[in-house]
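These notes concern the structure reproduced below.
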Amino acid sequence: KAFAEKSVKECTDAVVAAEAVVAQAAEKSKVDEKAADIGLLAAAKRYTDDAQRSLADAKAVVARNMASHEAFKGASRSLLLEARVELTKLNARVQGAERKLALTTEAVGKAYAQVAKVATTQAKRALRDAARKSGKSVDDLFMQVSQGATEITEAQFINFVKTLPGQDLSKEQVALVYREFGPQGLYKSGFAKALQEFCTCQREIAITDVFDIEGSNMVRKLESG
């Protein structure tokens with residue numbers, strides 16, 4: 001009996017806590033997806049991400065306890081029937097919460113992706129222009145921002161952007177660029193991708209040793225693509 005009561009209580013506590021987080025996520029995600037800025041949508045996404053983690057934890061707790069009940073041996077096994085019924089109900093509640101959260105997550109995720117794409121493009125363009133005006137190479141900037149370390153933290157990146165000339169990016173926009181190129185920490189390769197510009201050749205053209213074509217020598221040929 002003590003085993004049954006303990007397992008039901010543990011699962012009930014986990015499910016109730018997860019349901020509360022899901023309800024909070026649903027409430028905090030009630031934003032105008034077309035008018036909301038990236039900050040509001042990013043906050044809503046964090047709530048839905050937290051809710052997903054909370055539900056996953058609750059689901060694991062219920063599954064573990066249900067498995068323990070199934071594996072229970074002894075003459076008192078029949079006494080666990082009521083507890084197993086309660087665990088089955090709790091498992092159904094978790095599944096219901098998952099379906100509810102899925103609708104919220106899909107709407108927020110879609111809106112966030114659209115706004116994030118626009119904001120990230122604008123932010124990268126502004127960052128590259130500002131970095132170019134600073135007159136420093138990517139390597140020099142990386143060493144400066146990281147203070148000699150092998151990676152740049154999000155706080156360091158945001159502080160660095162504040163010092164760049166001619167930029168008016170919001171903290172949320174800068175954070176988006178950081179997370180795109182350094183989700184696990186911004187290393188030199190990711191930093192270079194954030195600041196360097198790459199162009200596509202539209203048609204085949206010769207690269208010469210001097211600007212004027214007349215009297216120049218072709219160094220190599222640049223193919224389209």
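Here, A, B, ... name the chains of the structure tokens in the order displayed, residue numbers run from 1 inside each chain, and ligands are numbered from 1 in the same displayed order.
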Exercise for review: Within 12 Å of Gln144 of chain A, counting only C-alpha atoms, which residues show up once you throw out same-chain ones fewer than 6 positions away? Write them as a list of chain:residue names, please.
Suggested key: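 Contacts, in chain order: A:Lys136, A:Ser137, A:Val138, A:Thr150, A:Glu151, A:Ile152, A:Gln156, A:Phe157, A:Asn159, A:Phe160, A:Thr163, A:Lys188.
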Selection export as a PDB file, in the first residue's frame, atoms kept: C-alpha atoms:
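Below is the file that was written, again22.pdb:
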```
ATOM      1  CA  LYS A 136      39.699  45.509 -38.120  1.00  0.00           C
ATOM      2  CA  SER A 137      40.059  41.957 -39.400  1.00  0.00           C
ATOM      3  CA  VAL A 138      37.805  39.152 -38.184  1.00  0.00           C
ATOM      4  CA  THR A 150      38.733  30.351 -27.638  1.00  0.00           C
ATOM      5  CA  GLU A 151      35.067  31.341 -27.632  1.00  0.00           C
ATOM      6  CA  ILE A 152      32.844  34.381 -27.203  1.00  0.00           C
ATOM      7  CA  GLN A 156      30.568  39.471 -24.705  1.00  0.00           C
ATOM      8  CA  PHE A 157      29.011  39.444 -28.174  1.00  0.00           C
ATOM      9  CA  ASN A 159      28.686  44.188 -25.498  1.00  0.00           C
ATOM     10  CA  PHE A 160      30.876  44.074 -28.610  1.00  0.00           C
ATOM     11  CA  THR A 163      30.658  49.442 -29.587  1.00  0.00           C
ATOM     12  CA  LYS A 188      36.173  31.774 -34.350  1.00  0.00           C
TER      13      LYS A 188
END
```
**Study point:** Residue contacts of segment 83-87 of chain A (9 Å, only C-alpha atoms) excluding same-chain residues fewer than 2 positions away, as a PyMOL selection string
**Key:** chain A and resi 4-5+7-8+11-12+62-63+65-66+69-70+79-81+89-92
Preceding selection exported with C-alpha atoms as a JSON list (two decimals), in the first residue's frame:
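Result file again-v9.json:
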```
[["chain", "number", "residue", "atom", "x", "y", "z"],
["A", 4, "ALA", "CA", 1.22, 2.38, -4.32],
["A", 5, "GLU", "CA", 0.55, 5.63, -2.47],
["A", 7, "SER", "CA", 4.13, 6.16, -6.70],
["A", 8, "VAL", "CA", 0.73, 7.76, -7.29],
["A", 11, "CYS", "CA", 3.30, 10.96, -10.52],
["A", 12, "THR", "CA", 0.45, 13.26, -9.52],
["A", 62, "VAL", "CA", 4.79, 8.18, -14.95],
["A", 63, "ALA", "CA", 6.41, 5.64, -17.28],
["A", 65, "ASN", "CA", 6.32, 4.13, -11.98],
["A", 66, "MET", "CA", 4.06, 2.18, -14.33],
["A", 69, "HIS", "CA", 4.08, -1.62, -10.89],
["A", 70, "GLU", "CA", 4.20, -4.07, -13.77],
["A", 79, "LEU", "CA", -3.81, -4.54, -4.21],
["A", 80, "LEU", "CA", -1.98, -2.33, -6.70],
["A", 81, "LEU", "CA", -4.84, -2.43, -9.20],
["A", 89, "LYS", "CA", -5.32, 8.22, -15.86],
["A", 90, "LEU", "CA", -2.28, 10.37, -15.12],
["A", 91, "ASN", "CA", -0.61, 9.10, -18.27],
["A", 92, "ALA", "CA", -3.71, 10.11, -20.24]]
```
Exercise for review: Mind checking which residues fall within 10 Å of Gly182 of chain A, counting only C-alpha atoms, ignoring those fewer than 5 positions away in the same chain, and posting them as a VMD selection string?
Suggested key: chain A and resid 151 to 154 175 to 177 187 to 191 194
So that each row is one residue of segment 90-192 of chain A with an atom at most 12 Å from segment 39-56 of chain A, can you give its shortest atom pair and the distance in Å to one decimal, using only C-alpha atoms, rows by chain and rising number, as a tab-separated table?
```
residue	atom	partner	partner_atom	distance
A:Leu90	CA	A:Leu55	CA	11.8
A:Asn91	CA	A:Leu55	CA	10.7
A:Arg93	CA	A:Leu55	CA	10.3
A:Val94	CA	A:Leu55	CA	6.9
A:Gln95	CA	A:Leu55	CA	9.0
A:Gly96	CA	A:Leu55	CA	10.5
A:Ala97	CA	A:Leu55	CA	7.8
A:Glu98	CA	A:Leu55	CA	7.1
A:Arg99	CA	A:Gln52	CA	10.9
A:Lys100	CA	A:Ala51	CA	10.9
A:Leu101	CA	A:Thr48	CA	7.4
A:Ala102	CA	A:Gln52	CA	8.9
A:Leu103	CA	A:Thr48	CA	10.4
A:Thr104	CA	A:Thr48	CA	7.5
A:Thr105	CA	A:Thr48	CA	5.9
A:Glu106	CA	A:Thr48	CA	9.6
A:Ala107	CA	A:Lys45	CA	9.9
A:Val108	CA	A:Lys45	CA	6.3
A:Gly109	CA	A:Lys45	CA	6.8
A:Lys110	CA	A:Leu41	CA	10.1
A:Ala111	CA	A:Leu41	CA	7.4
A:Tyr112	CA	A:Leu41	CA	5.6
A:Ala113	CA	A:Leu41	CA	9.3
A:Gln114	CA	A:Leu41	CA	10.4
A:Val115	CA	A:Leu41	CA	8.3
A:Ala116	CA	A:Ala42	CA	8.8
A:Ala119	CA	A:Gly39	CA	10.6
A:Ser170	CA	A:Gly39	CA	9.1
A:Lys171	CA	A:Gly39	CA	8.8
A:Glu172	CA	A:Gly39	CA	5.8
A:Gln173	CA	A:Gly39	CA	8.3
A:Val174	CA	A:Gly39	CA	11.1
A:Ala175	CA	A:Gly39	CA	10.1
A:Leu176	CA	A:Ala42	CA	9.3
A:Arg179	CA	A:Ala42	CA	11.9
```
Exercise for review: Run DSSP on the backbone and give me the residues of chain A it puts in strand (DSSP E), as a count of residues only.
Suggested key: 13
Practice item. Determine the nearest neighbour of Lys193 of chain A from the options A:Arg132, A:Lys124, A:Arg220, A:Lys30, counting only C-alpha atoms. Key: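 Result for the nearest residue to Lys193 of chain A: A:Lys124.
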